[in-house]
Amino acid sequence: MLLEQTLAQIKEKFPDPVLETTEFAGEQILHVKGQDILIVLATLKANGFNFLADLTAIDNLTLGGYERFAVSYHLLCHKTAERLTVKAYVPEEKPSLPSVESLWKTADWQEREVFDLFGIIFEGHPNLIRIMNPDDYEGHPLKKDYPRLGRKERGDFPVIDRGIQKQKPSK
Amino acid sequence: MNHNDIKSNVLTTTLESAINWGRKNSLWPMPFGTACCGIEFMAVLAARTDIARFGAEAIRFSPRQSDLLIVAGRISIKMMPVLIRIYEQMPEPKWVISMGACASSGGVFDTYSVIQGIDQFIPVDVYVPGCPPRPEGVVESLMKIQNLIDKEKLSDYALSSSK
Ligand code: SF4
C-alpha cells in the first residue's frame, strides 16, 4: 500500500529524475538519475522508508543500462515491512552523485566502500577515503575492466631472507 | 659419593644435541591466523590432537616471545607488510610453518589482493597442504620442524657477514 502510494507520488513529483520503475521477483525497483538521488531519497525517507539496509554499486559494462554505473540503495520501511530498491545511474566520464550520508549515517562507510572499489565520487561526503584497500592503492578493482590478477600489487614487497644463514641440513 | 653414583646420575652428550633437544621440545608458536585455517589451528590446540604433547602448547601472541611462526590463512596485500614485520620481530632461531593452501600458494583466491604464497617474501620451513589441513597434518608439520631442529649444527648459526 505505502509502496504504491509513494511510488506514484515520487513519479508525479519528480517526472524528470525518475527514469522508470520495474519489478523483479516481487520487489519494486525505482530507476533515477544519479544527480537527483538525494532529493528522491529524502522524499522516500520522509514517506516512511526510514531504513537504509544496503548501499552498493553495479558496473554495467557488459550488462547495458542507462549508464555505466548504477548505485543501488535498498530501503526498508519498518512500519509496513515493505522494501524498495532505488538505482541511481552515474556516467562513466564523471562518476559522481550526491552523498546521502546526511540522511543515514550508515551511508558513510558504505559510500567509502563504493568509492574504494568502483571509484564513484560521492559529493558532500565528510571523509571520502579508501576503506579496504591500502591508501596508496591505485585503481578501483571491482570495475569490470580491472584485471583479475591485479596490476602487480601483490608482488610489490621486500623479500626477507633468513637473518642467520642456515646451511642445508647435511645428510 | 662413590663412582657408582656418578655412573647412574650423569649423562654425557654433546652441547649441540642438548641445545637442539631443548629447542625442539619447547617450541613457542606464534599463530598468525587470518582465515578459516586459524579456526582449524584451534582444533590442533584442543584436546583431541593436543600439541602440548610435543611441548608446543605455549602459544604466544607476541612475536618477540616465540620461535615458530604458523601462518594460517590467506594473506592479503594489506596484511603482507604486517606479516613481514612480525617475522622480523621474532628472535633467532626461528622457524615458519605455512599452513594451508592459501598461505602456501594463494589457494583458490587468485585475485589482485591475495599474496600467492608467503614464501615469495619470507622464508618457510614446512608447508602443510589442505584446505584446511587436518589437525594431524599440522602435528606432522610440527614433527617435521622438530626433525629439522634436530639436524641443526651450532656452526650453522654463523652470523651472515653483511647486514
Ligand atoms: S586453505 Fe582453505 S581453510 Fe585455509 S585459509 Fe585458505 S580457504 Fe581457509
# chains A, B, ... in the order shown; residues from 1 in each chain; ligands from 1

call {"tool": "residues_around", "arguments": {"residues": "Ile29 in chain A", "least_positions_apart": "5", "cutoff": "8 Å", "atoms": "only C-alpha atoms", "output": "PyMOL selection string"}}
result
chain A and resi 21-24+84-87

call {"tool": "residues_near_ligand", "arguments": {"ligand": "ligand 1", "cutoff": "8 Å", "atoms": "only C-alpha atoms and all ligand atoms", "output": "JSON, numbers by chain"}}
result
{"B": [34, 35, 36, 37, 38, 40, 72, 73, 74, 99, 100, 101, 102, 103, 106, 107, 108, 129, 130, 131, 132, 133]}

call {"tool": "interface_residues", "arguments": {"of": "chain B", "to": "chain A", "cutoff": "7 Å", "atoms": "only C-alpha atoms", "output": "list in words"}}
result
Ile77, Lys78, Asp110, Thr111, Tyr112, Ser113, Val114, Ile115, Gln120, Phe121, Ile122, Pro123, Lys151, Glu152, Asp156, Tyr157, Leu159 and Ser160 of chain B

call {"tool": "residues_around", "arguments": {"residues": "Asp116 in chain A", "least_positions_apart": "3", "cutoff": "12 Å", "atoms": "only C-alpha atoms", "output": "NGL selection string"}}
result
:A and (56-57 or 109-113 or 119-122 or 128-143)

call {"tool": "write_last_selection", "arguments": {"atoms": "N, CA and C atoms", "output": "CSV table (one decimal), in the first residue's frame"}}
result
chain,number,residue,atom,x,y,z
A,56,THR,N,25.2,-0.2,-2.5
A,56,THR,CA,26.2,-0.8,-3.2
A,56,THR,C,26.2,-0.3,-4.7
A,57,ALA,N,27.0,-0.8,-5.5
A,57,ALA,CA,27.1,-0.3,-6.9
A,57,ALA,C,27.2,-1.5,-7.9
A,109,TRP,N,30.3,4.7,5.6
A,109,TRP,CA,31.3,3.7,5.3
A,109,TRP,C,30.9,3.0,4.0
A,110,GLN,N,29.6,2.9,3.7
A,110,GLN,CA,29.2,2.1,2.5
A,110,GLN,C,29.6,3.0,1.3
A,111,GLU,N,29.5,4.3,1.4
A,111,GLU,CA,29.9,5.1,0.2
A,111,GLU,C,31.4,5.1,0.1
A,112,ARG,N,32.1,5.0,1.2
A,112,ARG,CA,33.5,4.8,1.1
A,112,ARG,C,33.9,3.5,0.4
A,113,GLU,N,33.2,2.5,0.7
A,113,GLU,CA,33.4,1.2,0.1
A,113,GLU,C,33.2,1.3,-1.4
A,119,GLY,N,35.3,3.6,-7.6
A,119,GLY,CA,35.8,5.0,-8.0
A,119,GLY,C,34.7,6.0,-8.2
A,120,ILE,N,33.5,5.7,-7.6
A,120,ILE,CA,32.4,6.7,-7.8
A,120,ILE,C,32.6,7.7,-6.7
A,121,ILE,N,32.5,9.0,-7.1
A,121,ILE,CA,32.7,10.1,-6.1
A,121,ILE,C,31.3,10.5,-5.5
A,122,PHE,N,31.3,10.5,-4.2
A,122,PHE,CA,30.1,11.0,-3.5
A,122,PHE,C,30.3,12.4,-3.0
A,128,LEU,N,35.8,11.0,2.3
A,128,LEU,CA,35.8,10.0,1.2
A,128,LEU,C,37.2,9.5,1.0
A,129,ILE,N,37.6,8.6,1.8
A,129,ILE,CA,38.9,7.9,1.5
A,129,ILE,C,38.7,6.4,1.4
A,130,ARG,N,39.7,5.7,1.0
A,130,ARG,CA,39.6,4.2,0.8
A,130,ARG,C,39.3,3.6,2.2
A,131,ILE,N,38.5,2.5,2.1
A,131,ILE,CA,38.1,1.9,3.4
A,131,ILE,C,38.8,0.5,3.5
A,132,MET,N,39.0,-0.2,2.4
A,132,MET,CA,39.6,-1.5,2.5
A,132,MET,C,40.9,-1.7,1.9
A,133,ASN,N,41.1,-1.1,0.7
A,133,ASN,CA,42.4,-1.3,0.0
A,133,ASN,C,43.4,-0.3,0.7
A,134,PRO,N,44.7,-0.6,0.6
A,134,PRO,CA,45.7,0.2,1.1
A,134,PRO,C,45.6,1.6,0.6
A,135,ASP,N,46.0,2.6,1.4
A,135,ASP,CA,45.8,4.0,1.0
A,135,ASP,C,46.5,4.3,-0.3
A,136,ASP,N,47.7,3.7,-0.6
A,136,ASP,CA,48.4,4.0,-1.8
A,136,ASP,C,48.0,3.1,-3.0
A,137,TYR,N,46.9,2.4,-2.8
A,137,TYR,CA,46.5,1.6,-3.9
A,137,TYR,C,46.0,2.4,-5.1
A,138,GLU,N,46.3,1.9,-6.3
A,138,GLU,CA,45.9,2.6,-7.5
A,138,GLU,C,44.8,1.8,-8.2
A,139,GLY,N,43.8,2.5,-8.6
A,139,GLY,CA,42.7,1.8,-9.4
A,139,GLY,C,41.6,1.4,-8.5
A,140,HIS,N,40.5,0.9,-9.1
A,140,HIS,CA,39.3,0.5,-8.4
A,140,HIS,C,38.9,-0.9,-8.8
A,141,PRO,N,39.3,-1.9,-8.0
A,141,PRO,CA,39.3,-3.2,-8.5
A,141,PRO,C,38.0,-3.9,-8.8
A,142,LEU,N,36.9,-3.4,-8.4
A,142,LEU,CA,35.6,-4.0,-8.8
A,142,LEU,C,35.0,-3.6,-10.1
A,143,LYS,N,35.7,-2.7,-10.7
A,143,LYS,CA,35.3,-2.3,-12.1
A,143,LYS,C,35.6,-3.5,-13.0

call {"tool": "select_by_dssp", "arguments": {"residues": "range 15-156 of chain B", "states": "strand (DSSP E)", "output": "ChimeraX atom specification"}}
result
/B:29-33,68-72,95-99,126-128

call {"tool": "residues_around", "arguments": {"residues": "Ile70 in chain B", "least_positions_apart": "3", "cutoff": "7 Å", "atoms": "only C-alpha atoms", "output": "PDB file with C-alpha atoms, in the first residue's frame"}}
result
ATOM      1  CA  PRO B  29      54.297 -20.956  18.362  1.00  0.00           C
ATOM      2  CA  MET B  30      53.019 -17.604  17.235  1.00  0.00           C
ATOM      3  CA  PRO B  31      49.783 -18.235  15.314  1.00  0.00           C
ATOM      4  CA  PHE B  32      49.128 -15.783  12.502  1.00  0.00           C
ATOM      5  CA  VAL B  96      57.975 -20.914   9.856  1.00  0.00           C
ATOM      6  CA  ILE B  97      55.092 -23.236   9.020  1.00  0.00           C
ATOM      7  CA  SER B  98      52.876 -22.240   6.112  1.00  0.00           C
ATOM      8  CA  MET B  99      49.566 -23.838   6.970  1.00  0.00           C
TER       9      MET B  99
END

call {"tool": "select_by_dssp", "arguments": {"residues": "chain B", "states": "helix (DSSP H, G or I)", "output": "ChimeraX atom specification"}}
result
/B:3-9,15-24,36-45,51-54,63-65,80-89,100-105,118-120,135-150,154-157

call {"tool": "residues_around", "arguments": {"residues": "Leu75 in chain A", "least_positions_apart": "3", "cutoff": "7 Å", "atoms": "only C-alpha atoms", "output": "compact mmCIF listing (two decimals) with N, CA and C atoms, in the first residue's frame"}}
result
# COMPACT_ATOMS: atom_id res chain seq x y z
N PHE A 49 10.08 5.23 4.29
CA PHE A 49 11.17 4.29 4.04
C PHE A 49 12.38 4.76 4.84
N PHE A 51 14.76 3.17 6.64
CA PHE A 51 15.96 2.39 6.94
C PHE A 51 16.73 2.08 5.66
N LEU A 52 18.01 2.45 5.64
CA LEU A 52 18.86 2.11 4.50
C LEU A 52 19.55 0.78 4.81
N ALA A 53 19.03 -0.29 4.20
CA ALA A 53 19.55 -1.61 4.53
C ALA A 53 20.90 -1.87 3.86
N ARG A 83 9.77 -3.18 1.06
CA ARG A 83 11.13 -2.88 0.61
C ARG A 83 11.10 -2.19 -0.74
N LEU A 84 12.10 -1.38 -0.97
CA LEU A 84 12.19 -0.68 -2.25
C LEU A 84 13.66 -0.55 -2.61
N THR A 85 13.97 -0.87 -3.87
CA THR A 85 15.34 -0.68 -4.35
C THR A 85 15.38 0.54 -5.25

call {"tool": "atom_distance", "arguments": {"atom1": "CA of Val71 in chain B", "atom2": "CA of Lys153 in chain B"}}
result
25.8 Å

call {"tool": "atom_distance", "arguments": {"atom1": "CA of Val114 in chain A", "atom2": "CA of Val71 in chain A"}}
result
8.4 Å

call {"tool": "atom_distance", "arguments": {"atom1": "CA of Leu2 in chain A", "atom2": "CA of Gly48 in chain A"}}
result
8.2 Å

call {"tool": "residues_around", "arguments": {"residues": "Ser141 in chain B", "least_positions_apart": "5", "cutoff": "8 Å", "atoms": "only C-alpha atoms", "output": "list in words"}}
result
Ile97, Val126, Tyr127 and Val128 of chain B
